[in-house]
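Coordinates as given in start_35.tsv (TSV, C-alpha atoms):
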```
chain	number	residue	atom	x	y	z
A	1380	MET	CA	-31.00	-3.14	1.07
A	1381	ASN	CA	-28.26	-4.95	2.92
A	1382	GLY	CA	-25.44	-2.42	3.29
A	1383	THR	CA	-22.73	-4.90	4.29
A	1384	LEU	CA	-23.49	-7.03	1.28
A	1385	VAL	CA	-23.05	-4.10	-1.08
A	1386	LYS	CA	-19.82	-3.05	0.66
A	1387	ASN	CA	-18.41	-6.56	0.38
A	1388	GLN	CA	-19.46	-6.71	-3.25
A	1389	LEU	CA	-17.44	-3.53	-3.86
A	1390	ILE	CA	-14.40	-5.05	-2.14
A	1391	PHE	CA	-14.71	-8.33	-4.04
A	1392	ASP	CA	-15.14	-6.56	-7.36
A	1393	PHE	CA	-12.05	-4.49	-6.65
A	1394	ALA	CA	-10.06	-7.61	-5.77
A	1395	SER	CA	-11.28	-9.28	-8.97
A	1396	GLY	CA	-10.26	-6.26	-11.01
A	1397	VAL	CA	-13.56	-5.57	-12.73
A	1398	LEU	CA	-14.26	-2.02	-11.57
A	1399	GLY	CA	-13.87	1.04	-13.78
A	1400	PRO	CA	-11.37	3.79	-12.89
A	1401	ALA	CA	-13.77	5.87	-10.76
A	1402	LYS	CA	-14.93	2.99	-8.57
A	1403	SER	CA	-11.38	1.61	-8.37
A	1404	LEU	CA	-10.18	4.91	-6.94
A	1405	PHE	CA	-13.09	4.92	-4.54
A	1406	ALA	CA	-12.52	1.31	-3.46
A	1407	SER	CA	-8.77	1.60	-2.98
A	1408	THR	CA	-9.21	4.74	-0.87
A	1409	TYR	CA	-11.79	2.86	1.17
A	1410	LEU	CA	-9.33	0.02	1.73
A	1411	GLN	CA	-6.62	2.46	2.67
A	1412	LEU	CA	-8.74	4.23	5.29
A	1413	ASN	CA	-10.64	1.26	6.66
A	1414	SER	CA	-8.53	-1.55	8.11
A	1415	ASN	CA	-11.48	-3.92	8.38
A	1416	ALA	CA	-12.31	-3.53	4.70
A	1417	SER	CA	-8.63	-3.99	3.91
A	1418	LYS	CA	-8.56	-7.27	5.84
A	1419	ILE	CA	-11.61	-8.55	3.99
A	1420	SER	CA	-9.95	-7.65	0.73
A	1421	SER	CA	-6.75	-9.50	1.67
A	1422	THR	CA	-8.71	-12.57	2.68
A	1423	PHE	CA	-10.61	-12.48	-0.57
A	1424	GLU	CA	-7.40	-12.07	-2.57
A	1425	ASN	CA	-6.09	-15.13	-0.77
A	1426	MET	CA	-9.22	-17.00	-1.81
A	1427	LEU	CA	-8.66	-15.99	-5.41
A	1428	GLY	CA	-5.03	-17.07	-5.01
A	1429	GLU	CA	-6.30	-20.50	-3.95
A	1430	ASN	CA	-8.49	-20.54	-7.03
A	1431	LEU	CA	-5.33	-19.95	-9.04
A	1432	MET	CA	-3.47	-22.72	-7.21
A	1433	ASP	CA	-6.29	-25.21	-7.87
A	1434	ASN	CA	-6.91	-23.97	-11.38
A	1435	GLU	CA	-6.81	-26.28	-14.37
A	1436	ASN	CA	-3.67	-26.28	-16.51
A	1437	ILE	CA	-3.72	-24.92	-20.02
A	1438	HIS	CA	-0.11	-25.12	-21.13
A	1439	PRO	CA	1.34	-22.30	-23.18
A	1440	LYS	CA	2.60	-23.64	-26.50
A	1441	ASN	CA	5.67	-21.58	-27.21
A	1442	LEU	CA	6.76	-20.29	-23.86
A	1443	LYS	CA	9.77	-21.44	-21.84
A	1444	TYR	CA	10.89	-20.23	-18.47
A	1445	THR	CA	14.05	-18.79	-20.02
A	1446	ASP	CA	11.88	-16.45	-22.15
A	1447	CYS	CA	10.57	-14.94	-18.94
A	1448	ILE	CA	14.02	-14.43	-17.49
A	1449	ASN	CA	15.25	-12.80	-20.68
A	1450	SER	CA	12.28	-10.53	-21.18
A	1451	ALA	CA	12.25	-9.33	-17.57
A	1452	ASN	CA	11.67	-5.62	-17.39
A	1453	THR	CA	13.24	-3.67	-14.62
A	1454	LYS	CA	10.91	-0.70	-14.90
A	1455	SER	CA	10.41	0.46	-11.35
A	1456	THR	CA	7.05	1.58	-10.10
A	1457	SER	CA	6.45	5.12	-8.97
A	1458	ASN	CA	6.85	5.90	-5.31
A	1459	ALA	CA	3.86	5.14	-3.17
A	1460	ASN	CA	1.47	7.94	-2.42
A	1461	ASP	CA	-2.09	7.79	-1.24
A	1462	PRO	CA	-4.62	7.43	-4.06
A	1463	ILE	CA	-6.51	10.64	-3.35
A	1464	THR	CA	-3.44	12.88	-3.32
A	1465	SER	CA	-1.96	11.26	-6.37
A	1466	PHE	CA	-5.17	11.76	-8.30
A	1467	PHE	CA	-6.44	15.12	-7.06
A	1468	GLY	CA	-3.27	16.75	-5.72
A	1469	LYS	CA	-3.68	18.85	-2.60
A	1470	LEU	CA	-7.38	19.19	-1.87
A	1471	ASP	CA	-7.02	22.81	-0.77
A	1472	ASN	CA	-5.69	23.75	-4.19
A	1473	LEU	CA	-8.70	22.39	-6.08
A	1474	ASN	CA	-11.11	24.63	-7.86
A	1475	TRP	CA	-14.08	23.90	-5.57
A	1476	LYS	CA	-17.49	24.91	-6.77
A	1477	GLN	CA	-19.84	26.31	-4.16
A	1478	VAL	CA	-23.30	24.74	-4.46
A	1479	TYR	CA	-24.69	26.72	-1.55
A	1480	LYS	CA	-23.27	28.28	1.56
A	1481	GLY	CA	-21.09	25.79	3.42
A	1482	PHE	CA	-21.42	23.09	0.73
A	1483	LYS	CA	-18.81	22.78	-1.99
A	1484	GLU	CA	-18.07	20.12	-4.54
A	1485	TYR	CA	-15.45	19.22	-7.08
A	1486	THR	CA	-16.25	16.90	-9.98
A	1487	ALA	CA	-13.29	14.87	-11.18
A	1488	THR	CA	-12.35	14.59	-14.81
A	1489	ILE	CA	-12.22	10.86	-15.30
A	1490	ASP	CA	-13.16	8.72	-18.27
A	1491	ASP	CA	-15.81	6.53	-16.79
A	1492	LYS	CA	-19.51	5.93	-16.82
A	1493	ASP	CA	-19.65	6.66	-13.08
A	1494	GLU	CA	-19.33	10.20	-11.80
A	1495	LEU	CA	-16.64	10.87	-9.20
A	1496	LYS	CA	-16.94	13.87	-6.91
A	1497	LEU	CA	-15.42	15.37	-3.79
A	1498	ILE	CA	-17.82	17.00	-1.36
A	1499	LYS	CA	-16.86	19.42	1.38
A	1500	MET	CA	-19.30	20.50	4.07
A	1501	ASP	CA	-18.60	23.12	6.70
A	1502	PRO	CA	-19.30	22.27	10.36
A	1503	GLY	CA	-23.02	21.88	11.08
A	1504	VAL	CA	-24.11	22.29	7.47
A	1505	SER	CA	-26.89	20.00	6.31
A	1506	VAL	CA	-28.20	18.74	3.00
A	1507	PRO	CA	-31.96	19.10	2.54
A	1508	LEU	CA	-33.99	15.88	2.48
A	1509	HIS	CA	-33.34	14.15	-0.82
A	1510	SER	CA	-33.27	10.80	-2.55
A	1511	HIS	CA	-31.06	9.51	-5.35
A	1512	GLY	CA	-31.44	8.89	-9.06
A	1513	GLY	CA	-28.87	6.13	-9.41
A	1514	LYS	CA	-26.93	4.35	-6.70
A	1515	GLU	CA	-24.65	6.65	-4.75
A	1516	TYR	CA	-21.53	5.69	-2.75
A	1517	ILE	CA	-20.17	8.07	-0.10
A	1518	LEU	CA	-16.80	7.63	1.64
A	1519	VAL	CA	-15.77	9.92	4.49
A	1520	LEU	CA	-12.21	11.19	4.00
A	1521	GLU	CA	-12.08	13.72	6.83
A	1522	GLY	CA	-14.39	14.64	9.69
A	1523	SER	CA	-17.80	13.01	9.96
A	1524	PHE	CA	-21.48	13.41	9.20
A	1525	CYS	CA	-24.66	11.86	10.46
A	1526	ASP	CA	-28.15	11.27	9.14
A	1527	GLU	CA	-31.27	9.33	10.06
A	1528	TYR	CA	-29.37	6.05	9.66
A	1529	GLY	CA	-26.30	6.72	11.81
A	1530	GLU	CA	-22.97	8.44	12.11
A	1531	TYR	CA	-20.24	8.10	9.51
A	1532	SER	CA	-16.61	8.89	10.29
A	1533	LYS	CA	-13.33	8.74	8.38
A	1534	GLY	CA	-13.13	5.45	6.48
A	1535	ASP	CA	-16.88	4.69	6.69
A	1536	ILE	CA	-18.96	4.32	3.58
A	1537	GLN	CA	-22.63	4.81	2.99
A	1538	ILE	CA	-24.37	3.40	-0.05
A	1539	ASN	CA	-27.67	4.95	-1.08
A	1540	ASP	CA	-30.18	3.81	-3.61
A	1541	GLN	CA	-33.43	5.29	-4.82
A	1542	LYS	CA	-35.37	4.15	-1.81
A	1543	ILE	CA	-33.30	6.07	0.68
A	1544	LYS	CA	-34.37	9.54	1.72
A	1545	HIS	CA	-32.07	11.25	4.16
A	1546	THR	CA	-30.85	14.55	5.62
A	1547	PRO	CA	-27.07	14.38	6.19
A	1548	ILE	CA	-25.57	16.89	8.63
A	1549	ALA	CA	-21.82	17.54	8.85
A	1550	SER	CA	-20.23	17.29	12.30
A	1551	ARG	CA	-20.46	20.54	14.25
A	1552	ASP	CA	-16.82	20.25	15.25
A	1553	THR	CA	-15.03	19.15	12.14
A	1554	GLY	CA	-17.30	19.41	9.12
A	1555	CYS	CA	-16.51	16.73	6.56
A	1556	VAL	CA	-14.88	15.92	3.27
A	1557	CYS	CA	-16.29	12.97	1.33
A	1558	LEU	CA	-15.62	11.15	-1.89
A	1559	SER	CA	-18.72	10.22	-3.82
A	1560	ILE	CA	-19.59	8.04	-6.77
A	1561	THR	CA	-22.85	8.36	-8.61
A	1562	GLU	CA	-23.84	5.63	-11.00
A	1563	LYS	CA	-25.40	7.23	-13.97
A	1564	ASP	CA	-28.55	5.78	-15.36
A	1565	VAL	CA	-28.09	4.47	-18.84
A	1566	ILE	CA	-29.28	6.87	-21.47
A	1567	PHE	CA	-30.05	5.47	-24.87
A	1568	PHE	CA	-29.28	7.30	-28.06
A	1569	GLY	CA	-30.18	6.72	-31.69
A	1570	LYS	CA	-33.26	5.68	-33.57
A	1571	TYR	CA	-35.10	3.93	-30.74
A	1572	GLY	CA	-33.53	6.02	-28.00
A	1573	SER	CA	-36.58	7.99	-26.99
A	1574	VAL	CA	-38.70	4.85	-26.74
A	1575	LEU	CA	-36.06	3.08	-24.63
A	1576	ASN	CA	-35.61	6.11	-22.39
A	1577	LEU	CA	-39.35	6.27	-21.89
A	1578	PHE	CA	-39.21	2.57	-21.07
A	1579	THR	CA	-36.43	3.04	-18.42
A	1580	PHE	CA	-38.39	5.97	-17.07
A	1581	ILE	CA	-41.55	3.92	-16.65
A	1582	LYS	CA	-39.58	0.93	-15.41
A	1583	SER	CA	-38.04	3.08	-12.67
A	1584	PHE	CA	-41.44	3.22	-11.03
A	1585	PHE	CA	-41.55	-0.53	-10.76
A	1586	LYS	CA	-38.03	-1.20	-9.51
A	1587	PRO	CA	-37.97	-3.98	-6.95
A	1588	LYS	CA	-36.74	-3.04	-3.52
B	399	MET	CA	10.96	-18.68	-3.74
B	400	CYS	CA	13.77	-17.82	-1.35
B	401	ARG	CA	16.26	-19.30	-3.81
B	402	ILE	CA	14.94	-16.99	-6.50
B	403	GLN	CA	15.07	-13.94	-4.30
B	404	LYS	CA	18.49	-14.46	-2.77
B	405	ASP	CA	20.45	-16.62	-5.20
B	406	ARG	CA	18.71	-15.72	-8.48
B	407	ASP	CA	18.44	-19.47	-8.93
B	408	GLU	CA	17.12	-20.13	-12.43
B	409	MET	CA	16.29	-23.74	-11.71
B	410	ALA	CA	14.10	-22.69	-8.80
B	411	PHE	CA	12.38	-20.25	-11.12
B	412	SER	CA	11.79	-23.00	-13.68
B	413	GLU	CA	9.92	-24.95	-10.99
B	414	VAL	CA	7.70	-21.97	-10.21
B	415	PHE	CA	7.21	-21.50	-13.95
B	416	ASP	CA	6.17	-25.13	-14.46
B	417	ILE	CA	3.56	-24.91	-11.73
B	418	PHE	CA	2.12	-21.49	-12.43
B	419	ALA	CA	2.49	-20.75	-16.15
B	420	PRO	CA	-0.28	-23.19	-17.19
B	421	LYS	CA	-2.57	-21.97	-14.40
B	422	VAL	CA	-2.03	-18.29	-15.19
B	423	ASN	CA	-2.53	-19.03	-18.88
B	424	ALA	CA	-5.81	-20.77	-18.02
B	425	TYR	CA	-6.85	-17.77	-15.92
B	426	PHE	CA	-6.51	-15.43	-18.89
B	427	ILE	CA	-8.40	-17.79	-21.17
B	428	GLN	CA	-11.18	-18.18	-18.58
B	429	ASN	CA	-11.40	-14.39	-18.55
B	430	GLY	CA	-12.18	-14.43	-22.25
B	431	ILE	CA	-8.72	-13.67	-23.65
B	432	LYS	CA	-7.68	-15.53	-26.83
B	433	PHE	CA	-4.96	-18.14	-26.62
B	434	GLU	CA	-2.06	-16.32	-28.25
B	435	ARG	CA	-2.66	-13.16	-26.26
B	436	SER	CA	-3.02	-15.22	-23.09
B	437	GLU	CA	0.42	-16.67	-23.71
B	438	GLU	CA	1.96	-13.20	-24.08
B	439	LEU	CA	0.31	-12.09	-20.86
B	440	THR	CA	1.50	-15.24	-19.09
B	441	GLN	CA	5.02	-14.40	-20.16
B	442	GLU	CA	4.64	-10.88	-18.74
B	443	VAL	CA	3.36	-12.26	-15.44
B	444	LEU	CA	6.17	-14.79	-15.00
B	445	SER	CA	8.75	-12.19	-16.05
B	446	THR	CA	7.46	-9.99	-13.27
B	447	VAL	CA	7.72	-12.87	-10.82
B	448	TRP	CA	11.37	-13.23	-11.77
B	449	SER	CA	12.34	-9.56	-11.89
B	450	LYS	CA	10.29	-8.33	-8.94
B	451	SER	CA	10.80	-11.31	-6.67
B	452	ASP	CA	12.15	-8.99	-3.96
B	453	LEU	CA	8.66	-7.50	-3.63
B	454	TYR	CA	7.22	-10.82	-2.54
B	455	ASN	CA	6.88	-11.26	1.19
B	456	SER	CA	6.11	-14.81	2.22
B	457	GLU	CA	4.92	-13.65	5.63
B	458	LYS	CA	2.21	-11.48	4.11
B	459	SER	CA	0.71	-13.78	1.54
B	460	ALA	CA	0.91	-17.12	-0.15
B	461	LEU	CA	2.89	-17.25	-3.39
B	462	SER	CA	-0.29	-18.09	-5.29
B	463	THR	CA	-1.94	-14.92	-3.95
B	464	TRP	CA	0.97	-12.75	-5.03
B	465	ILE	CA	1.03	-14.29	-8.51
B	466	PHE	CA	-2.76	-13.95	-8.74
B	467	THR	CA	-2.51	-10.21	-8.04
B	468	ILE	CA	0.15	-9.79	-10.75
B	469	ALA	CA	-2.02	-11.67	-13.24
B	470	ARG	CA	-5.09	-9.66	-12.25
B	471	ASN	CA	-3.24	-6.38	-12.75
B	472	LYS	CA	-2.10	-7.51	-16.21
B	473	LYS	CA	-5.69	-8.42	-17.04
B	474	ILE	CA	-6.96	-4.97	-16.02
B	475	ASP	CA	-4.25	-3.44	-18.17
B	476	PHE	CA	-5.14	-5.65	-21.10
B	477	PHE	CA	-8.85	-4.82	-20.99
B	478	ARG	CA	-8.10	-1.14	-20.53
B	479	LYS	CA	-5.93	-1.06	-23.64
B	480	ASN	CA	-8.47	-3.04	-25.65
B	481	SER	CA	-11.50	-1.22	-24.37
B	482	LYS	CA	-14.03	0.25	-26.75
B	483	LEU	CA	-14.46	3.11	-24.32
B	484	ASP	CA	-12.06	5.92	-24.93
B	485	PHE	CA	-9.97	5.58	-21.79
B	486	LYS	CA	-6.88	7.69	-21.63
B	487	GLU	CA	-3.52	5.98	-21.91
B	488	GLU	CA	-2.89	7.08	-18.33
B	489	ASP	CA	-5.39	5.33	-16.15
B	490	ILE	CA	-5.47	5.77	-12.40
B	491	ARG	CA	-6.01	2.03	-12.01
B	492	GLU	CA	-2.48	1.22	-13.08
B	493	PHE	CA	-1.21	3.33	-10.21
B	494	LEU	CA	-3.80	2.09	-7.73
B	495	TYR	CA	-3.16	-1.58	-8.20
B	496	GLN	CA	0.61	-1.38	-8.44
B	497	ASN	CA	1.01	0.76	-5.36
B	498	ARG	CA	-1.54	-0.96	-3.25
B	499	GLN	CA	-0.10	-1.47	0.19
B	500	VAL	CA	-1.40	-4.83	1.22
B	501	ASP	CA	-2.62	-4.93	4.76
B	502	PRO	CA	-0.12	-6.88	6.86
B	503	ILE	CA	-2.66	-9.59	7.49
B	504	GLU	CA	-1.27	-12.74	9.00
B	505	GLU	CA	-1.37	-15.42	6.40
B	506	SER	CA	-2.58	-17.86	9.02
B	507	GLU	CA	-5.48	-15.57	9.90
B	508	ALA	CA	-6.60	-15.36	6.28
B	509	LYS	CA	-6.13	-19.12	5.98
B	510	LYS	CA	-8.37	-19.81	8.95
B	511	GLN	CA	-11.11	-17.58	7.57
B	512	ILE	CA	-10.86	-19.20	4.17
B	513	GLU	CA	-10.98	-22.67	5.72
B	514	ARG	CA	-14.13	-21.78	7.58
B	515	ILE	CA	-15.70	-20.34	4.43
B	516	ASN	CA	-14.70	-23.43	2.46
B	517	ASP	CA	-16.26	-25.67	5.11
B	518	GLU	CA	-19.45	-23.72	4.82
B	519	LEU	CA	-19.78	-23.76	1.03
B	520	ASP	CA	-20.65	-26.81	-1.01
B	521	GLU	CA	-18.95	-27.68	-4.30
B	522	GLN	CA	-21.38	-25.88	-6.54
B	523	GLN	CA	-21.25	-22.76	-4.42
B	524	LYS	CA	-17.45	-22.76	-4.66
B	525	ILE	CA	-17.66	-23.16	-8.41
B	526	MET	CA	-20.06	-20.22	-8.64
B	527	ILE	CA	-17.77	-17.98	-6.60
B	528	LYS	CA	-14.88	-18.95	-8.82
B	529	MET	CA	-16.84	-18.31	-12.01
B	530	ASN	CA	-18.11	-14.99	-10.72
B	531	PHE	CA	-14.97	-13.48	-9.23
B	532	PHE	CA	-12.01	-15.42	-10.63
B	533	GLU	CA	-13.22	-15.97	-14.15
B	534	ASN	CA	-15.32	-12.79	-14.06
B	535	LYS	CA	-18.20	-14.35	-15.90
B	536	SER	CA	-21.53	-12.58	-16.04
B	537	HIS	CA	-24.47	-14.10	-14.19
B	538	LYS	CA	-25.98	-14.87	-17.59
B	539	LYS	CA	-22.90	-16.81	-18.68
B	540	ILE	CA	-22.80	-18.72	-15.40
B	541	ALA	CA	-26.46	-19.62	-15.88
B	542	ASP	CA	-25.75	-20.90	-19.39
B	543	GLU	CA	-22.71	-22.94	-18.39
B	544	LEU	CA	-24.31	-24.53	-15.32
B	545	GLU	CA	-27.64	-24.90	-17.13
B	546	ILE	CA	-29.67	-23.27	-14.39
B	547	PRO	CA	-32.02	-20.28	-14.67
B	548	LEU	CA	-30.55	-16.77	-14.41
B	549	GLY	CA	-32.77	-15.88	-11.46
B	550	THR	CA	-31.46	-18.91	-9.56
B	551	VAL	CA	-27.84	-17.88	-10.21
B	552	LYS	CA	-28.54	-14.39	-8.89
B	553	SER	CA	-30.27	-15.55	-5.75
B	554	ARG	CA	-27.67	-18.26	-5.08
B	555	ILE	CA	-24.76	-15.85	-5.41
B	556	ARG	CA	-26.52	-13.46	-3.10
B	557	HIS	CA	-27.02	-16.29	-0.66
B	558	ILE	CA	-23.34	-17.31	-0.85
B	559	LEU	CA	-22.17	-13.73	-0.26
B	560	THR	CA	-24.45	-13.44	2.76
B	561	LYS	CA	-23.00	-16.69	4.07
B	562	MET	CA	-19.42	-15.52	3.52
B	563	GLN	CA	-20.13	-12.24	5.23
B	564	ARG	CA	-20.44	-14.03	8.56
B	565	PHE	CA	-16.82	-15.16	8.39
B	566	LEU	CA	-15.32	-11.97	7.04
B	567	ARG	CA	-14.73	-9.73	9.98
```
Represent the structure of the file as structure tokens.
Amino acid sequence: MNGTLVKNQLIFDFASGVLGPAKSLFASTYLQLNSNASKISSTFENMLGENLMDNENIHPKNLKYTDCINSANTKSTSNANDPITSFFGKLDNLNWKQVYKGFKEYTATIDDKDELKLIKMDPGVSVPLHSHGGKEYILVLEGSFCDEYGEYSKGDIQINDQKIKHTPIASRDTGCVCLSITEKDVIFFGKYGSVLNLFTFIKSFFKPK
Amino acid sequence: MCRIQKDRDEMAFSEVFDIFAPKVNAYFIQNGIKFERSEELTQEVLSTVWSKSDLYNSEKSALSTWIFTIARNKKIDFFRKNSKLDFKEEDIREFLYQNRQVDPIEESEAKKQIERINDELDEQQKIMIKMNFFENKSHKKIADELEIPLGTVKSRIRHILTKMQRFLR
């Protein structure tokens, strides 16, 4: 899988405004921490702005410019804060769940099909070799970790699919805190649910690379 | 735009309105929103342009980019409120998009990159990018409208994104 392509896709989808809440939080934090990603996003927004400039005209029927002046709302937006703090509050105050020694996680309550989690690893702690059910996105918020594919520091993302097997190890000096998204596989309910689930199960063996 | 920001010049605003209202309205319709609702959203967008004009910084982005982002945020809001999924009234996205600090990218730098990308892409490729990301049409819908097979749409979009990647650094 081409990592850069998937990263860009995430940035483009965020700029287009088609991501759900969990991935939007993930993407905007990524843009905030990673200046290169932020630049790509700005360029892409400019491209979409050009699309708007060159767009066809479909004239509104009953709308005059004076309506817009009169209906102007002066509601001010809340003061700027970084996305993670505004959503989670102070990370130290969260009710972290220990999975095993040196590895804690916190699953966010968010209405979305994707699961959003914070992961905290103490210095030098590793995750046993594993692969992934759905696609998983990892963004480093603090510290760093490394695995068979490289080193990931603050603002880097790693995107894993089913093919990837890896053994991440948190930096011996700093440990790491990461934000993760796991795409859930679709589960079918109802009359034909079990047949469809069996079908997705079998299909998962034949997924193209 | 300067006349709107500094002098609250209504005639200057009417010019911006005449250019952008039909384009913004078209954007909402292209995104699958019905005409009457698209008109209401267009009004909200242009009202924001008028009332929040002080937030626009001509050194950071083109006017069309700024108006696009306002329209996009209204679209997200619209689909959130009309979603079948049971999203809470409070959605983090509202905060995320409204408070997004745009990277102080030089407009000229973005322009150069876009020019290079535009040179590289042919007409159909540009149309596909627009359909995919501006009109947010599914690959299936793009295939139907351009009358080409779905697999071809997928591989072409992948090819275009790979091409663009070279210029986005």
**Request:** Go through B:Arg470, B:Asn480, B:Gln523, B:Phe565 one by one, measure the shortest atom-to-atom distance of each to Lys552 of chain B using only C-alpha atoms, and give the residue with the smallest value.
**Result:** B:Gln523
Axis-aligned box for all listed atoms of segment 543-554 of chain B, 4 Å per side, centre and edges in Å to one decimal, as lines of an AutoDock Vina configuration file:
```
center_x = -27.7
center_y = -19.6
center_z = -11.7
size_x = 18.1
size_y = 18.5
size_z = 21.3
```
**Shortest interatomic distance to Ala1394 of chain A - which of B:Asn471, B:Ser481, B:Ser506, B:Gln563, counting only C-alpha atoms** = B:Asn471
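Going from atom CA of Phe1393 of chain A to atom CA of Ala1406 of chain A covers 6.6 Å.
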**Message:** Please check the contacts: residues of chain B at most 6 Å away from chain A, using all atoms listed in the file, listed as an MDAnalysis selection string.
**Reply:** chainID B and resid 412 415 420:421 424 437 441 444:445 449 462:463 466 485 491 497 508 531 566
**Item:** Between atom CA of Thr560 of chain B and atom CA of Leu548 of chain B - distance in Å to one decimal
**Value:**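 Separating atom CA of Leu548 of chain B from atom CA of Thr560 of chain B is a distance of 18.5 Å.
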**Between atom CA of Ile465 of chain B and atom CA of Val414 of chain B - distance in Å to one decimal** = 10.3 Å
**Asked** Near Ile402 of chain B, within 12 Å and counting all atoms listed in the file, which residues show up once chain neighbours fewer than 6 positions away are dropped, as a PyMOL selection string?
**Response** (chain A and resi 1448) or (chain B and resi 408-415+447-454)
